[in-house]
>>> print(open('input_30.pdb').read())   # PDB, C-alpha atoms
ATOM      1  CA  MET S   1      19.080 -53.451  48.300
ATOM      2  CA  ASN S   2      21.826 -53.353  45.694
ATOM      3  CA  THR S   3      20.968 -53.007  42.045
ATOM      4  CA  ILE S   4      22.622 -54.749  39.110
ATOM      5  CA  HIS S   5      23.281 -52.402  36.180
ATOM      6  CA  ILE S   6      23.540 -53.803  32.654
ATOM      7  CA  TYR S   7      24.556 -51.712  29.645
ATOM      8  CA  THR S   8      23.918 -53.211  26.215
ATOM      9  CA  ASP S   9      24.368 -52.470  22.543
ATOM     10  CA  GLY S  10      23.939 -54.321  19.276
ATOM     11  CA  SER S  11      25.397 -53.733  15.852
ATOM     12  CA  SER S  12      25.167 -55.103  12.355
ATOM     13  CA  ARG S  13      27.227 -54.344   9.287
ATOM     14  CA  GLY S  14      24.376 -54.152   6.848
ATOM     15  CA  ASN S  15      20.895 -55.016   7.962
ATOM     16  CA  PRO S  16      21.013 -57.962   7.570
ATOM     17  CA  GLY S  17      24.730 -58.576   7.688
ATOM     18  CA  PRO S  18      27.456 -59.612  10.108
ATOM     19  CA  GLY S  19      26.556 -58.427  13.593
ATOM     20  CA  GLY S  20      27.516 -58.460  17.217
ATOM     21  CA  PHE S  21      26.570 -57.328  20.674
ATOM     22  CA  GLY S  22      28.324 -55.892  23.685
ATOM     23  CA  VAL S  23      27.284 -56.073  27.330
ATOM     24  CA  ILE S  24      28.678 -54.583  30.525
ATOM     25  CA  LEU S  25      27.413 -55.934  33.852
ATOM     26  CA  MET S  26      28.106 -53.933  37.008
ATOM     27  CA  TYR S  27      27.422 -54.902  40.600
ATOM     28  CA  LYS S  28      29.044 -53.737  43.836
ATOM     29  CA  GLY S  29      32.129 -52.358  42.116
ATOM     30  CA  HIS S  30      32.599 -55.449  39.920
ATOM     31  CA  ARG S  31      32.440 -55.183  36.145
ATOM     32  CA  LYS S  32      32.190 -57.857  33.464
ATOM     33  CA  GLU S  33      32.194 -57.403  29.700
ATOM     34  CA  ILE S  34      30.624 -59.866  27.248
ATOM     35  CA  SER S  35      30.511 -59.774  23.460
ATOM     36  CA  LYS S  36      29.854 -62.126  20.572
ATOM     37  CA  GLY S  37      29.652 -61.860  16.789
ATOM     38  CA  TYR S  38      27.341 -63.486  14.256
ATOM     39  CA  ARG S  39      27.804 -64.043  10.528
ATOM     40  CA  LEU S  40      24.290 -62.973   9.447
ATOM     41  CA  THR S  41      21.768 -61.142  11.598
ATOM     42  CA  THR S  42      19.990 -57.823  12.077
ATOM     43  CA  ASN S  43      20.605 -54.838  14.304
ATOM     44  CA  ASN S  44      17.368 -55.341  16.264
ATOM     45  CA  ARG S  45      18.251 -58.966  16.962
ATOM     46  CA  MET S  46      21.654 -57.960  18.295
ATOM     47  CA  GLU S  47      20.138 -55.233  20.487
ATOM     48  CA  LEU S  48      17.716 -57.756  21.984
ATOM     49  CA  LEU S  49      20.279 -60.562  22.259
ATOM     50  CA  ALA S  50      22.558 -58.222  24.227
ATOM     51  CA  VAL S  51      19.802 -57.739  26.816
ATOM     52  CA  ILE S  52      19.112 -61.482  26.984
ATOM     53  CA  THR S  53      22.807 -62.312  27.346
ATOM     54  CA  GLY S  54      23.196 -59.801  30.157
ATOM     55  CA  LEU S  55      20.226 -61.247  32.027
ATOM     56  CA  LYS S  56      21.431 -64.823  31.528
ATOM     57  CA  ALA S  57      24.803 -63.886  33.052
ATOM     58  CA  ILE S  58      23.201 -62.855  36.350
ATOM     59  CA  THR S  59      23.345 -65.393  39.159
ATOM     60  CA  LYS S  60      21.456 -63.337  41.787
ATOM     61  CA  LYS S  61      18.021 -63.426  40.171
ATOM     62  CA  ASP S  62      16.266 -61.780  43.154
ATOM     63  CA  LEU S  63      18.081 -58.422  42.916
ATOM     64  CA  PRO S  64      16.688 -55.403  41.059
ATOM     65  CA  ILE S  65      18.166 -55.027  37.589
ATOM     66  CA  ILE S  66      18.322 -51.930  35.413
ATOM     67  CA  VAL S  67      19.146 -52.544  31.758
ATOM     68  CA  TYR S  68      20.322 -49.533  29.736
ATOM     69  CA  SER S  69      19.839 -49.755  25.978
ATOM     70  CA  ASP S  70      19.983 -47.264  23.123
ATOM     71  CA  SER S  71      17.418 -49.325  21.197
ATOM     72  CA  GLN S  72      13.988 -47.700  21.059
ATOM     73  CA  TYR S  73      12.700 -50.981  19.594
ATOM     74  CA  VAL S  74      13.735 -52.992  22.658
ATOM     75  CA  VAL S  75      12.946 -50.441  25.357
ATOM     76  CA  ARG S  76       9.563 -49.406  23.983
ATOM     77  CA  ALA S  77       8.471 -52.984  23.253
ATOM     78  CA  ILE S  78       9.027 -53.853  26.891
ATOM     79  CA  GLU S  79       8.200 -50.661  28.762
ATOM     80  CA  GLU S  80       5.158 -49.706  26.651
ATOM     81  CA  GLY S  81       3.638 -53.190  26.756
ATOM     82  CA  TRP S  82       4.047 -54.145  23.097
ATOM     83  CA  LEU S  83       5.666 -57.434  24.073
ATOM     84  CA  ASN S  84       2.753 -58.404  26.305
ATOM     85  CA  LYS S  85       0.356 -57.833  23.387
ATOM     86  CA  TRP S  86       2.580 -59.842  21.037
ATOM     87  CA  MET S  87       2.735 -62.701  23.540
ATOM     88  CA  LYS S  88      -1.076 -62.721  23.951
ATOM     89  CA  THR S  89      -1.635 -62.829  20.182
ATOM     90  CA  GLY S  90       1.101 -65.368  19.450
ATOM     91  CA  PHE S  91       3.047 -62.731  17.512
ATOM     92  CA  LYS S  92       0.228 -62.530  14.974
ATOM     93  CA  GLY S  93       0.908 -60.392  11.958
ATOM     94  CA  GLY S  94       4.476 -61.559  11.463
ATOM     95  CA  LYS S  95       6.150 -59.759  14.373
ATOM     96  CA  LYS S  96       9.864 -60.345  14.055
ATOM     97  CA  ASN S  97      12.317 -61.923  16.486
ATOM     98  CA  LYS S  98       9.724 -64.118  18.186
ATOM     99  CA  ASP S  99      12.426 -66.581  19.307
ATOM    100  CA  LEU S 100      14.356 -63.859  21.146
ATOM    101  CA  TRP S 101      11.287 -62.139  22.584
ATOM    102  CA  ILE S 102      10.157 -65.442  24.098
ATOM    103  CA  GLN S 103      13.607 -65.903  25.661
ATOM    104  CA  TYR S 104      13.494 -62.392  27.088
ATOM    105  CA  HIS S 105       9.962 -62.890  28.445
ATOM    106  CA  GLN S 106      10.943 -66.138  30.192
ATOM    107  CA  LEU S 107      13.830 -64.375  31.935
ATOM    108  CA  ALA S 108      11.874 -61.238  32.797
ATOM    109  CA  THR S 109       9.117 -63.231  34.501
ATOM    110  CA  ILE S 110      11.596 -64.583  37.076
ATOM    111  CA  MET S 111      13.622 -61.384  37.487
ATOM    112  CA  ASN S 112      13.002 -57.793  38.587
ATOM    113  CA  VAL S 113      13.983 -56.026  35.345
ATOM    114  CA  LYS S 114      13.528 -52.363  34.376
ATOM    115  CA  LEU S 115      14.702 -51.001  31.035
ATOM    116  CA  LYS S 116      15.949 -47.466  30.501
ATOM    117  CA  TRP S 117      16.716 -45.849  27.187
ATOM    118  CA  VAL S 118      20.031 -44.033  26.769
ATOM    119  CA  LYS S 119      21.057 -41.963  23.782
ATOM    120  CA  GLY S 120      23.449 -43.905  21.575
ATOM    121  CA  HIS S 121      26.806 -42.562  20.445
ATOM    122  CA  ALA S 122      26.582 -39.767  22.996
ATOM    123  CA  ASN S 123      28.293 -39.057  26.302
ATOM    124  CA  ASN S 124      27.588 -42.304  28.159
ATOM    125  CA  PRO S 125      30.929 -44.102  28.497
ATOM    126  CA  TYR S 126      29.334 -47.491  29.217
ATOM    127  CA  ASN S 127      27.058 -47.329  26.180
ATOM    128  CA  ASN S 128      30.015 -46.230  24.077
ATOM    129  CA  ARG S 129      32.093 -49.161  25.361
ATOM    130  CA  CYS S 130      29.247 -51.555  24.526
ATOM    131  CA  ASP S 131      29.209 -50.104  21.011
ATOM    132  CA  GLU S 132      32.955 -50.774  20.718
ATOM    133  CA  LEU S 133      32.445 -54.358  21.907
ATOM    134  CA  ALA S 134      29.519 -54.907  19.516
ATOM    135  CA  THR S 135      31.239 -53.537  16.424
ATOM    136  CA  ALA S 136      34.491 -55.393  17.185
ATOM    137  CA  ALA S 137      32.491 -58.612  17.566
ATOM    138  CA  ALA S 138      30.679 -57.976  14.257
ATOM    139  CA  ASP S 139      34.034 -57.408  12.553
ATOM    140  CA  GLY S 140      35.596 -60.520  14.085
ATOM    141  CA  LYS S 141      36.529 -63.832  12.515
ATOM    142  CA  ASN S 142      34.826 -67.222  12.957
ATOM    143  CA  LEU S 143      31.434 -65.624  13.535
ATOM    144  CA  ALA S 144      28.667 -67.791  14.973
ATOM    145  CA  ALA S 145      25.386 -68.566  13.236
ATOM    146  CA  ASP S 146      22.335 -66.666  14.454
ATOM    147  CA  GLU S 147      20.243 -69.784  14.014
ATOM    148  CA  GLY S 148      16.961 -68.046  14.808
ATOM    149  CA  TYR S 149      17.538 -65.511  12.059
ATOM    150  CA  GLU S 150      19.022 -67.885   9.488
ATOM    151  CA  GLU S 151      16.185 -70.378   9.954
ATOM    152  CA  SER S 152      13.623 -67.594   9.506
ATOM    153  CA  ILE S 153      15.014 -66.609   6.116
ATOM    154  CA  THR S 154      15.329 -70.157   4.786
ATOM    155  CA  VAL S 155      11.801 -71.290   5.654
ATOM    156  CA  THR S 156       9.715 -71.529   2.498
TER     157      THR S 156
END
>>> encode(input="input_30.pdb", output="structure tokens")
Amino acid sequence: MNTIHIYTDGSSRGNPGPGGFGVILMYKGHRKEISKGYRLTTNNRMELLAVITGLKAITKKDLPIIVYSDSQYVVRAIEEGWLNKWMKTGFKGGKKNKDLWIQYHQLATIMNVKLKWVKGHANNPYNNRCDELATAAADGKNLAADEGYEESITVT
């Protein structure tokens, strides 16, 4: 069976600050790049949103998927079971990015997803390209609102 490969990266200029993500999807010799920038967000949110965006772009939900990320936060939360614990406890203790983790969990339950960590800013050309996409998106104009983040900082 063929495997879909997704490379992802997130970036923020300041933490929080303007941010963006980059995604490369590869399947059977086809390649698609996706990126988007946000006016105010965090690096971890962009790393996670890149993964979510890549998964949402897949139409063949029954194929195995390998997601490559340089984010220890994302990879370890999923592969070491942190997310499952957070879901069971309702994100008790103020775990961040609940809105995005719930989105990821909903996708992962209907897909065959495996995450693999790759060293960032190293010799992986796909990770490096995702970094270029993410930083260009963060530096872009007419940046979108990361509503999940902005709502979380305005709640009193």
>>> residues_around(input="input_30.pdb", residues="segment 121-123 of chain S", least_positions_apart="2", cutoff="12 Å", atoms="all atoms listed in the file", output="list in words")
Asp9, Ser69, Asp70, Ser71, Val118, Lys119, Pro125, Tyr126, Asn127, Asn128, Arg129, Cys130, Asp131 and Glu132 of chain S
>>> atom_distance(input="input_30.pdb", atom1="atom CA of His30 of chain S", atom2="atom CA of Leu49 of chain S")
22.1 Å
>>> closest_residue(input="input_30.pdb", among="S:Ile4, S:Val74, S:Leu107, S:Leu83", to="Lys60 of chain S", atoms="all atoms listed in the file")
S:Ile4
>>> resolve_selection(input="input_30.pdb", expression="the PyMOL selection byres ((chain S and resi 153) around 12)", output="ChimeraX atom specification")
/S:16,40-42,96-97,146-152,154-156
>>> atom_distance(input="input_30.pdb", atom1="atom CA of Gly29 of chain S", atom2="atom CA of Gln103 of chain S")
28.2 Å
>>> decode(input="input_30.pdb", residues="segment 68-82 of chain S", atoms="N, CA and C atoms", output="PDB file, in the first residue's frame")
ATOM      1  N   TYR S  68       6.149  14.222   9.183  1.00  0.00           N
ATOM      2  CA  TYR S  68       7.490  14.559   9.668  1.00  0.00           C
ATOM      3  C   TYR S  68       7.438  15.978  10.224  1.00  0.00           C
ATOM      4  N   SER S  69       7.879  16.127  11.462  1.00  0.00           N
ATOM      5  CA  SER S  69       7.862  17.423  12.130  1.00  0.00           C
ATOM      6  C   SER S  69       9.150  17.596  12.923  1.00  0.00           C
ATOM      7  N   ASP S  70       9.630  18.830  13.004  1.00  0.00           N
ATOM      8  CA  ASP S  70      10.802  19.096  13.843  1.00  0.00           C
ATOM      9  C   ASP S  70      10.389  19.593  15.230  1.00  0.00           C
ATOM     10  N   SER S  71       9.094  19.488  15.539  1.00  0.00           N
ATOM     11  CA  SER S  71       8.584  19.939  16.826  1.00  0.00           C
ATOM     12  C   SER S  71       8.520  18.782  17.818  1.00  0.00           C
ATOM     13  N   GLN S  72       9.391  18.830  18.827  1.00  0.00           N
ATOM     14  CA  GLN S  72       9.336  17.834  19.896  1.00  0.00           C
ATOM     15  C   GLN S  72       7.984  17.899  20.606  1.00  0.00           C
ATOM     16  N   TYR S  73       7.469  19.101  20.784  1.00  0.00           N
ATOM     17  CA  TYR S  73       6.175  19.305  21.449  1.00  0.00           C
ATOM     18  C   TYR S  73       5.090  18.497  20.745  1.00  0.00           C
ATOM     19  N   VAL S  74       4.987  18.618  19.440  1.00  0.00           N
ATOM     20  CA  VAL S  74       3.935  17.926  18.694  1.00  0.00           C
ATOM     21  C   VAL S  74       4.190  16.421  18.661  1.00  0.00           C
ATOM     22  N   VAL S  75       5.380  16.029  18.272  1.00  0.00           N
ATOM     23  CA  VAL S  75       5.675  14.604  18.100  1.00  0.00           C
ATOM     24  C   VAL S  75       5.560  13.851  19.424  1.00  0.00           C
ATOM     25  N   ARG S  76       6.138  14.396  20.470  1.00  0.00           N
ATOM     26  CA  ARG S  76       6.107  13.694  21.759  1.00  0.00           C
ATOM     27  C   ARG S  76       4.696  13.657  22.340  1.00  0.00           C
ATOM     28  N   ALA S  77       3.935  14.740  22.179  1.00  0.00           N
ATOM     29  CA  ALA S  77       2.573  14.754  22.711  1.00  0.00           C
ATOM     30  C   ALA S  77       1.740  13.639  22.092  1.00  0.00           C
ATOM     31  N   ILE S  78       1.974  13.370  20.836  1.00  0.00           N
ATOM     32  CA  ILE S  78       1.199  12.338  20.147  1.00  0.00           C
ATOM     33  C   ILE S  78       1.804  10.959  20.371  1.00  0.00           C
ATOM     34  N   GLU S  79       3.059  10.804  20.076  1.00  0.00           N
ATOM     35  CA  GLU S  79       3.694   9.484  20.107  1.00  0.00           C
ATOM     36  C   GLU S  79       3.924   8.946  21.518  1.00  0.00           C
ATOM     37  N   GLU S  80       4.051   9.822  22.517  1.00  0.00           N
ATOM     38  CA  GLU S  80       4.270   9.368  23.886  1.00  0.00           C
ATOM     39  C   GLU S  80       2.983   9.353  24.718  1.00  0.00           C
ATOM     40  N   GLY S  81       1.852   9.637  24.069  1.00  0.00           N
ATOM     41  CA  GLY S  81       0.566   9.506  24.738  1.00  0.00           C
ATOM     42  C   GLY S  81       0.119  10.684  25.579  1.00  0.00           C
ATOM     43  N   TRP S  82       0.846  11.795  25.538  1.00  0.00           N
ATOM     44  CA  TRP S  82       0.436  12.955  26.337  1.00  0.00           C
ATOM     45  C   TRP S  82      -0.956  13.409  25.933  1.00  0.00           C
TER      46      TRP S  82
END
